[in-house]
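**Q** Below is the file my_file24.cif, with mmCIF, C-alpha atoms.
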data_my_file
#
loop_
_atom_site.label_atom_id
_atom_site.label_comp_id
_atom_site.auth_asym_id
_atom_site.auth_seq_id
_atom_site.Cartn_x
_atom_site.Cartn_y
_atom_site.Cartn_z
CA MET A 1 5.41 24.18 7.10
CA SER A 2 5.48 20.64 8.47
CA ALA A 3 6.47 17.54 6.53
CA ALA A 4 2.83 16.51 6.42
CA ASP A 5 1.75 19.84 4.97
CA LYS A 6 4.41 19.58 2.25
CA HIS A 7 3.35 16.04 1.31
CA VAL A 8 1.62 15.78 -2.08
CA PRO A 9 -0.74 12.78 -2.35
CA VAL A 10 -0.62 10.69 -5.52
CA LEU A 11 -3.43 11.18 -8.09
CA VAL A 12 -5.57 12.91 -5.50
CA ASP A 13 -8.00 14.44 -8.03
CA THR A 14 -8.50 11.08 -9.73
CA CYS A 15 -9.23 9.42 -6.39
CA MET A 16 -11.69 12.14 -5.40
CA GLU A 17 -13.58 11.79 -8.70
CA LEU A 18 -13.85 8.03 -8.27
CA LEU A 19 -15.06 8.40 -4.68
CA ALA A 20 -17.41 11.35 -5.26
CA PRO A 21 -20.66 9.52 -6.12
CA ALA A 22 -20.47 7.60 -2.83
CA LEU A 23 -19.70 10.71 -0.76
CA ASP A 24 -22.57 12.98 -1.80
CA GLY A 25 -24.17 14.25 1.41
CA PRO A 26 -23.51 12.85 4.91
CA ALA A 27 -21.06 10.01 4.45
CA LEU A 28 -18.25 8.03 6.06
CA LEU A 29 -14.90 7.38 4.37
CA PHE A 30 -12.24 4.99 5.63
CA ASP A 31 -8.77 6.14 4.59
CA ALA A 32 -7.24 2.74 5.21
CA THR A 33 -3.64 3.92 4.70
CA LEU A 34 -3.69 7.39 6.22
CA GLY A 35 -0.02 8.25 5.82
CA MET A 36 0.41 11.99 6.23
CA GLY A 37 -3.25 12.68 5.55
CA GLY A 38 -3.10 14.26 2.10
CA HIS A 39 -5.96 12.28 0.59
CA THR A 40 -8.07 12.71 3.73
CA GLU A 41 -7.48 16.48 3.71
CA ALA A 42 -8.63 16.66 0.09
CA ALA A 43 -11.74 14.60 0.85
CA LEU A 44 -12.73 16.59 3.94
CA THR A 45 -12.26 19.85 2.02
CA ARG A 46 -14.26 18.75 -1.02
CA PHE A 47 -17.13 17.01 0.82
CA PRO A 48 -18.33 19.25 3.69
CA GLU A 49 -20.63 16.63 5.25
CA LEU A 50 -18.01 13.90 5.21
CA ARG A 51 -16.48 12.13 8.19
CA VAL A 52 -13.21 10.22 7.81
CA VAL A 53 -11.65 7.45 9.86
CA GLY A 54 -7.94 7.31 9.09
CA ILE A 55 -6.14 4.01 9.70
CA ASP A 56 -2.38 3.59 9.94
CA ARG A 57 0.05 1.24 11.67
CA ASP A 58 2.75 3.96 11.89
CA PRO A 59 2.41 6.02 15.10
CA GLU A 60 4.40 8.89 13.57
CA ALA A 61 2.03 9.03 10.59
CA ILE A 62 -0.92 9.18 12.98
CA ARG A 63 0.71 12.06 14.87
CA LEU A 64 1.59 14.13 11.79
CA ALA A 65 -1.72 13.53 10.03
CA SER A 66 -3.69 14.38 13.17
CA GLU A 67 -1.86 17.71 13.41
CA ARG A 68 -2.54 18.44 9.75
CA LEU A 69 -6.23 17.54 10.04
CA ALA A 70 -6.92 19.23 13.39
CA PRO A 71 -8.84 22.11 11.71
CA PHE A 72 -11.54 19.61 10.70
CA GLY A 73 -12.32 18.81 14.33
CA ASP A 74 -14.40 15.69 15.00
CA ARG A 75 -14.95 15.08 11.30
CA PHE A 76 -11.64 13.18 11.44
CA THR A 77 -10.79 10.24 13.69
CA ALA A 78 -7.50 8.32 13.70
CA GLU A 79 -7.13 4.60 14.38
CA HIS A 80 -3.69 3.09 15.08
CA ALA A 81 -4.08 -0.32 13.46
CA GLU A 82 -3.15 -2.46 10.49
CA TYR A 83 -5.75 -1.99 7.79
CA ASP A 84 -6.70 -5.65 7.62
CA MET A 85 -8.55 -4.88 10.87
CA ILE A 86 -10.99 -2.83 8.80
CA ASP A 87 -13.94 -5.05 9.74
CA GLU A 88 -13.33 -4.45 13.45
CA ILE A 89 -12.99 -0.71 12.82
CA ALA A 90 -16.33 -0.78 10.94
CA GLU A 91 -17.96 -2.38 13.98
CA LYS A 92 -16.73 0.57 16.04
CA HIS A 93 -17.43 3.46 13.65
CA GLY A 94 -20.10 2.10 11.30
CA ARG A 95 -19.99 0.73 7.79
CA PRO A 96 -18.31 3.17 5.38
CA ASN A 97 -19.70 4.64 2.17
CA ALA A 98 -16.23 4.51 0.63
CA ILE A 99 -12.76 3.12 1.29
CA LEU A 100 -9.45 4.43 -0.05
CA MET A 101 -6.17 2.52 0.07
CA ASP A 102 -2.85 4.09 -0.99
CA LEU A 103 -0.49 1.13 -0.69
CA GLY A 104 3.24 0.75 -0.17
CA VAL A 105 5.79 2.79 1.70
CA SER A 106 5.01 6.45 2.41
CA SER A 107 7.23 9.45 1.74
CA LEU A 108 7.32 9.97 5.52
CA GLN A 109 9.06 6.62 5.93
CA LEU A 110 11.36 7.05 2.93
CA ASP A 111 12.44 10.58 3.84
CA ASP A 112 13.36 9.73 7.44
CA ALA A 113 16.80 8.11 7.09
CA SER A 114 16.62 6.61 10.59
CA ARG A 115 13.71 4.37 9.54
CA GLY A 116 16.03 2.34 7.30
CA PHE A 117 13.82 2.19 4.21
CA ALA A 118 16.08 4.11 1.81
CA TYR A 119 19.23 2.79 0.16
CA SER A 120 20.36 6.36 -0.61
CA GLN A 121 20.85 7.29 3.08
CA ASP A 122 22.94 5.28 5.51
CA ALA A 123 21.09 4.03 8.59
CA PRO A 124 20.39 0.85 10.57
CA LEU A 125 18.22 -1.65 8.67
CA ASP A 126 14.87 -1.28 10.41
CA MET A 127 12.10 -0.97 7.76
CA ARG A 128 9.25 -1.53 10.22
CA MET A 129 6.19 0.60 9.49
CA ASP A 130 5.18 0.21 13.13
CA THR A 131 8.40 0.66 15.09
CA SER A 132 6.74 -0.51 18.29
CA GLN A 133 6.60 -4.16 17.28
CA GLY A 134 7.91 -6.88 14.98
CA ARG A 135 11.39 -7.79 13.86
CA THR A 136 13.58 -5.42 11.90
CA ALA A 137 15.10 -6.03 8.47
CA ALA A 138 18.45 -6.51 10.20
CA GLU A 139 16.97 -9.25 12.38
CA LEU A 140 15.35 -10.85 9.36
CA ILE A 141 18.70 -10.91 7.55
CA ALA A 142 20.51 -12.28 10.60
CA GLU A 143 17.99 -15.07 11.23
CA SER A 144 17.23 -16.25 7.69
CA SER A 145 18.93 -19.03 5.78
CA HIS A 146 20.27 -18.59 2.27
CA GLY A 147 17.20 -20.31 0.86
CA GLU A 148 14.75 -18.14 2.78
CA LEU A 149 16.53 -14.91 1.82
CA ALA A 150 16.69 -15.97 -1.82
CA ARG A 151 12.97 -16.77 -1.78
CA ILE A 152 12.09 -13.39 -0.23
CA ILE A 153 14.24 -11.42 -2.66
CA SER A 154 13.06 -13.41 -5.67
CA HIS A 155 9.35 -13.42 -4.85
CA TYR A 156 8.83 -10.02 -3.26
CA GLY A 157 11.47 -8.18 -5.26
CA GLU A 158 11.11 -10.08 -8.54
CA GLU A 159 14.92 -10.08 -8.59
CA LYS A 160 16.51 -12.61 -10.97
CA PHE A 161 19.86 -12.48 -9.15
CA ALA A 162 18.25 -13.30 -5.79
CA SER A 163 20.38 -16.36 -5.10
CA ARG A 164 23.63 -14.46 -5.73
CA ILE A 165 22.50 -11.61 -3.50
CA ALA A 166 21.46 -14.01 -0.73
CA SER A 167 24.87 -15.69 -0.93
CA ARG A 168 26.68 -12.38 -0.50
CA ILE A 169 24.49 -11.55 2.49
CA VAL A 170 24.93 -14.84 4.37
CA GLU A 171 28.67 -14.88 3.65
CA HIS A 172 29.15 -11.38 5.05
CA PRO A 173 31.04 -11.58 8.37
CA ASN A 174 28.83 -8.93 9.99
CA ARG A 175 25.53 -9.54 8.27
CA ALA A 176 23.54 -8.93 11.48
CA SER A 177 24.81 -5.34 11.63
CA LEU A 178 24.65 -4.36 7.96
CA THR A 179 23.47 -0.78 7.37
CA THR A 180 21.35 0.40 4.46
CA ALA A 181 24.37 1.75 2.55
CA GLU A 182 26.40 -1.40 3.18
CA LEU A 183 23.55 -3.62 2.00
CA ALA A 184 23.09 -1.49 -1.11
CA GLU A 185 26.78 -1.89 -1.98
CA LEU A 186 26.67 -5.60 -1.28
CA VAL A 187 23.67 -6.03 -3.61
CA LYS A 188 25.42 -3.99 -6.29
CA SER A 189 28.48 -6.23 -6.07
CA ALA A 190 26.32 -9.34 -6.56
CA ILE A 191 24.69 -8.14 -9.77
CA PRO A 192 26.64 -8.39 -13.04
CA ALA A 193 27.85 -5.06 -14.41
CA ALA A 194 25.80 -5.40 -17.60
CA ALA A 195 22.59 -5.80 -15.58
CA ARG A 196 23.36 -2.72 -13.47
CA ARG A 197 23.27 -0.35 -16.44
CA THR A 198 19.47 -0.14 -16.63
CA GLY A 199 16.55 -0.13 -14.24
CA GLY A 200 17.73 2.39 -11.66
CA ASN A 201 19.53 1.55 -8.44
CA PRO A 202 20.34 -2.19 -8.40
CA ALA A 203 19.37 -2.40 -4.71
CA LYS A 204 15.81 -1.21 -5.34
CA ARG A 205 14.26 -4.67 -5.73
CA THR A 206 16.06 -6.17 -2.74
CA PHE A 207 15.03 -3.29 -0.47
CA GLN A 208 11.44 -3.63 -1.68
CA ALA A 209 11.50 -7.36 -0.95
CA LEU A 210 12.85 -6.96 2.58
CA ARG A 211 10.35 -4.20 3.35
CA ILE A 212 7.42 -6.31 2.15
CA ALA A 213 8.61 -9.30 4.19
CA VAL A 214 9.24 -7.29 7.37
CA ASN A 215 5.78 -5.70 7.25
CA ASP A 216 3.82 -8.66 5.80
CA GLU A 217 2.46 -6.20 3.25
CA LEU A 218 1.03 -8.72 0.81
CA GLY A 219 -0.50 -10.87 3.53
CA ILE A 220 -2.25 -7.86 5.02
CA LEU A 221 -3.47 -6.76 1.59
CA GLU A 222 -4.79 -10.26 0.82
CA ARG A 223 -6.82 -10.17 4.03
CA ALA A 224 -7.88 -6.53 3.82
CA ILE A 225 -9.40 -6.37 0.34
CA PRO A 226 -12.21 -8.92 0.87
CA ARG A 227 -12.91 -7.52 4.33
CA ALA A 228 -13.14 -4.01 2.88
CA MET A 229 -15.52 -5.18 0.18
CA ALA A 230 -17.67 -6.92 2.79
CA VAL A 231 -18.04 -3.91 5.12
CA LEU A 232 -18.79 -1.37 2.39
CA GLN A 233 -22.37 -0.14 2.31
CA VAL A 234 -24.37 -0.86 -0.83
CA GLY A 235 -23.56 1.91 -3.30
CA GLY A 236 -20.15 2.26 -1.69
CA ARG A 237 -16.88 2.49 -3.57
CA LEU A 238 -13.43 1.01 -3.04
CA VAL A 239 -10.45 2.82 -4.61
CA VAL A 240 -6.95 1.32 -4.39
CA GLU A 241 -3.60 2.78 -5.47
CA SER A 242 -0.87 0.15 -6.01
CA TYR A 243 2.81 0.70 -6.79
CA HIS A 244 4.13 -2.64 -7.99
CA SER A 245 2.79 -5.66 -9.83
CA LEU A 246 2.49 -7.89 -6.75
CA GLU A 247 0.06 -5.47 -5.08
CA ASP A 248 -1.83 -4.71 -8.27
CA ARG A 249 -2.31 -8.40 -9.02
CA ILE A 250 -4.00 -8.98 -5.66
CA VAL A 251 -6.28 -5.98 -6.08
CA LYS A 252 -7.17 -6.83 -9.69
CA ARG A 253 -7.97 -10.46 -8.86
CA ALA A 254 -10.23 -9.52 -5.93
CA MET A 255 -12.15 -6.82 -7.78
CA GLN A 256 -12.60 -8.88 -10.93
CA GLY A 257 -13.65 -11.91 -8.91
CA MET A 258 -16.44 -10.03 -7.14
CA SER A 259 -17.66 -8.33 -10.33
CA ALA A 260 -17.79 -11.42 -12.53
CA SER A 261 -20.90 -13.48 -13.17
CA THR A 262 -20.81 -17.13 -12.11
CA THR A 263 -23.33 -18.12 -14.80
CA PRO A 264 -21.77 -20.92 -16.88
CA ILE A 265 -20.69 -20.08 -20.41
CA GLY A 266 -23.44 -20.95 -22.89
CA VAL A 267 -26.37 -20.42 -20.51
CA PRO A 268 -28.55 -17.79 -22.25
CA ILE A 269 -29.97 -16.27 -19.04
CA GLN A 270 -27.75 -14.73 -16.38
CA MET A 271 -28.31 -16.74 -13.22
CA ASP A 272 -26.74 -14.30 -10.80
CA SER A 273 -25.97 -10.63 -10.36
CA PRO A 274 -22.39 -9.92 -9.25
CA PRO A 275 -22.25 -7.86 -6.04
CA PHE A 276 -19.70 -5.41 -7.49
CA ARG A 277 -19.06 -3.64 -10.78
CA LEU A 278 -15.71 -2.42 -11.98
CA LEU A 279 -15.29 1.33 -12.32
CA THR A 280 -11.89 0.91 -13.98
CA LYS A 281 -11.73 -1.69 -16.75
CA ARG A 282 -7.99 -1.05 -16.84
CA ALA A 283 -5.83 0.46 -14.12
CA ILE A 284 -5.51 4.25 -14.28
CA GLN A 285 -1.94 5.53 -14.53
CA ALA A 286 -0.42 8.96 -14.00
CA ASP A 287 0.16 11.15 -17.05
CA GLU A 288 3.39 13.01 -17.77
CA ALA A 289 2.24 16.17 -15.99
CA GLU A 290 1.39 14.27 -12.81
CA ILE A 291 4.70 12.42 -12.86
CA ALA A 292 6.61 15.69 -13.34
CA ALA A 293 4.77 17.26 -10.40
CA ASN A 294 4.95 14.16 -8.19
CA PRO A 295 7.61 11.59 -9.19
CA ARG A 296 6.19 8.99 -6.76
CA SER A 297 3.22 8.65 -9.12
CA ALA A 298 5.34 7.13 -11.91
CA SER A 299 4.52 3.54 -10.93
CA VAL A 300 0.99 3.99 -9.57
CA ARG A 301 -1.95 1.86 -10.74
CA VAL A 302 -5.43 2.88 -9.61
CA ARG A 303 -8.35 0.44 -9.57
CA ALA A 304 -11.88 1.01 -8.30
CA CYS A 305 -15.17 -0.84 -7.92
CA GLU A 306 -18.70 -0.13 -6.68
CA LYS A 307 -20.87 -2.32 -4.46
CA LEU A 308 -24.23 -3.14 -6.04
CA HIS A 309 -25.69 -5.43 -3.38
CA GLU A 310 -24.59 -7.54 -0.43
CA GLY A 311 -24.39 -10.73 -2.49
CA ARG A 312 -21.83 -13.35 -1.55
CA ARG A 313 -19.06 -12.55 0.92
#
As structure tokens - that is how I would like this structure written.
**A**
Amino acid sequence: MSAADKHVPVLVDTCMELLAPALDGPALLFDATLGMGGHTEAALTRFPELRVVGIDRDPEAIRLASERLAPFGDRFTAEHAEYDMIDEIAEKHGRPNAILMDLGVSSLQLDDASRGFAYSQDAPLDMRMDTSQGRTAAELIAESSHGELARIISHYGEEKFASRIASRIVEHPNRASLTTAELAELVKSAIPAAARRTGGNPAKRTFQALRIAVNDELGILERAIPRAMAVLQVGGRLVVESYHSLEDRIVKRAMQGMSASTTPIGVPIQMDSPPFRLLTKRAIQADEAEIAANPRSASVRVRACEKLHEGRR
């Protein structure tokens, strides 16, 4: 059994239920963050007339998912791209009936020590989701000032000891060649002992921050959400799984903004009809059974909306 076949997608049944009304009969789904293809496999199995375009920036994810999904033949097509190119992909394949985004780092990337995402396994600090381009986390560390590193760690990692951690990094005599294990120990040494007793591995927030910065994750998400909402067909649905508050905030703001009336407060007649409606008033979270079966689901937040008309873009 391959790594892709063993991969368990997060809240797959919940996602399928949210997508189902848009995928009844011949339909097109964009899996904007293909990963190892678990969600796409579930969708292709459940909806026999469905076609899926799977988008991913990671060539290894494309390879593994394509192997996993080969039995579905031409019902699946892979696109090697960042998902903020979703409007260009829609021009090529047609406007989708539904779009699914499962954000963040994939288990493929975390489980491969050589990719440099995990603080629990020693490896060079790479962290690129697309290893064919861009600067590595090691290069980011080597080239950044104390102020820039502190900003990255504070903003993207929501780490209150960001300045102390940045100081330890820039003062390290070999900071350009730090490995994942060395960085994890350095971060630990910068955080007071009392603060290390709760919240899991003290390096978690710093590693998250560097990964987000290396891959421009929030910038891509900011661009992708409105483009996804624009290319959806009327009646289409957008479902997004987020794993930390920075992602969820972007998704929540975009969905609420496009589902809110612009009629001024106090006007008795609604002057407009919002182009979207929320399908999730509050984010859906995993229950205890799901978390026990799939620990990655512990931090997930699922939000969804439906397109009512073209409206404003």
**Q** Quick check on the file I pasted: which residues fall under the PyMOL selection byres ((chain A and resi 274) around 6)? Write them as a PyMOL selection string.
**A** chain A and resi 259-261+273+275-276
**Q** Could you spell out the hits of the PyMOL selection byres ((chain A and resi 53) around 12) on the shown file, as a PyMOL selection string?
**A** chain A and resi 27-34+37+39-41+43-44+50-52+54-56+62+65-66+69+74-81+83+86+89-90+92-100
**Q** Would you please work out which residue, of A:Gln256, A:Ser106, A:Thr280, A:Ser132, is nearest to A:Val239 when using only C-alpha atoms?
**A**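 Of all the options, A:Thr280 lies closest to A:Val239.
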**Q** Could you please determine the separation between atom CA of A:Val302 and atom CA of A:Arg249 in Å, to one decimal place?
**A** 11.7 Å
**Q** Find the residues with any atom within 12 Å of (7.0, 1.5, 9.6); use all atoms listed in the file and the coordinates as given in the file, and write the answer as number ranges by chain.
**A** A: 33, 35, 56-62, 81-82, 104-110, 112, 114-117, 125-137, 211-212, 214-217
**Q** Residues proximal to (1.1, -10.0, -1.4) were defined as those with any atom within 7 Å of that point in the file's coordinates, counting all atoms listed in the file. Which are they, as a compact mmCIF listing (two decimals) with C-alpha atoms, keeping the file's coordinate frame?
**A**
# COMPACT_ATOMS: atom_id res chain seq x y z
CA GLU A 217 2.46 -6.20 3.25
CA LEU A 218 1.03 -8.72 0.81
CA GLY A 219 -0.50 -10.87 3.53
CA LEU A 221 -3.47 -6.76 1.59
CA GLU A 222 -4.79 -10.26 0.82
CA LEU A 246 2.49 -7.89 -6.75
CA GLU A 247 0.06 -5.47 -5.08
CA ILE A 250 -4.00 -8.98 -5.66
**Q** Env of A:Ser145: 10 Å cut, atoms = all atoms listed in the file, seq-sep filter 6 positions within chain, self excluded. Answer as number ranges by chain.
**A** A: 151, 166-167, 169-170
**Q** Point out the residue among A:Arg301, A:Lys204, A:Arg277, A:His146 with the least atom-to-atom distance to A:Ser245, counting all atoms listed in the file.
**A**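 Using all atoms listed in the file, A:Ser245 sits closest to A:Arg301.
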**Q** Identify which of the residues A:Leu279, A:Val234, A:Leu186, A:Leu23 lies closest to A:Met255, counting only C-alpha atoms when measuring atom-to-atom distances.
**A**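 Among A:Leu279, A:Val234, A:Leu186, A:Leu23, it is A:Leu279 that comes nearest to A:Met255.
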**Q** Quick one: pull the distance between atom CA of A:Asp287 and atom CA of A:Phe207, Å, one decimal.
**A**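 Here the two named atoms are 26.5 Å from each other.
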**Q** Kindly give the distance, in Å, that separates atom CA of A:Arg63 and atom CA of A:Pro9, rounded to a single decimal.
**A**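 Taking atom CA of A:Arg63 and atom CA of A:Pro9, their separation equals 17.3 Å.
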**Q** May I ask which of the residues A:Ala118, A:Ala224, A:Ala213, A:Met36 is the closest one to A:Thr179, counting all atoms listed in the file?
**A**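 With all atoms listed in the file as the atom set, the closest residue is A:Ala118.
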**Q** Skip A:Glu182 itself and residues of its chain fewer than 2 positions away, then list as a PyMOL selection string all residues within 12 Å of it, counting only C-alpha atoms.
**A** chain A and resi 116+118-125+138+168-169+172+174-180+184-189+203
**Q** Please save C-alpha atoms of the selected residues as a short mmCIF file (atom, residue, chain, number, x, y, z; two decimals), in the frame of the given file.
**A**
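Below is the file again.cif, written as the result:
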data_model
loop_
_atom_site.label_atom_id
_atom_site.label_comp_id
_atom_site.auth_asym_id
_atom_site.auth_seq_id
_atom_site.Cartn_x
_atom_site.Cartn_y
_atom_site.Cartn_z
CA GLY A 116 16.03 2.34 7.30
CA ALA A 118 16.08 4.11 1.81
CA TYR A 119 19.23 2.79 0.16
CA SER A 120 20.36 6.36 -0.61
CA GLN A 121 20.85 7.29 3.08
CA ASP A 122 22.94 5.28 5.51
CA ALA A 123 21.09 4.03 8.59
CA PRO A 124 20.39 0.85 10.57
CA LEU A 125 18.22 -1.65 8.67
CA ALA A 138 18.45 -6.51 10.20
CA ARG A 168 26.68 -12.38 -0.50
CA ILE A 169 24.49 -11.55 2.49
CA HIS A 172 29.15 -11.38 5.05
CA ASN A 174 28.83 -8.93 9.99
CA ARG A 175 25.53 -9.54 8.27
CA ALA A 176 23.54 -8.93 11.48
CA SER A 177 24.81 -5.34 11.63
CA LEU A 178 24.65 -4.36 7.96
CA THR A 179 23.47 -0.78 7.37
CA THR A 180 21.35 0.40 4.46
CA ALA A 184 23.09 -1.49 -1.11
CA GLU A 185 26.78 -1.89 -1.98
CA LEU A 186 26.67 -5.60 -1.28
CA VAL A 187 23.67 -6.03 -3.61
CA LYS A 188 25.42 -3.99 -6.29
CA SER A 189 28.48 -6.23 -6.07
CA ALA A 203 19.37 -2.40 -4.71
#
**Q** Give the padded box for stretch 183-201 of chain A as lines of an AutoDock Vina configuration file: axis-aligned, covering all atoms listed in the file, 8 Å on each side, centre and edge lengths in Å to one decimal.
**A**
center_x = 22.5
center_y = -3.5
center_z = -7.8
size_x = 27.9
size_y = 27.7
size_z = 35.6
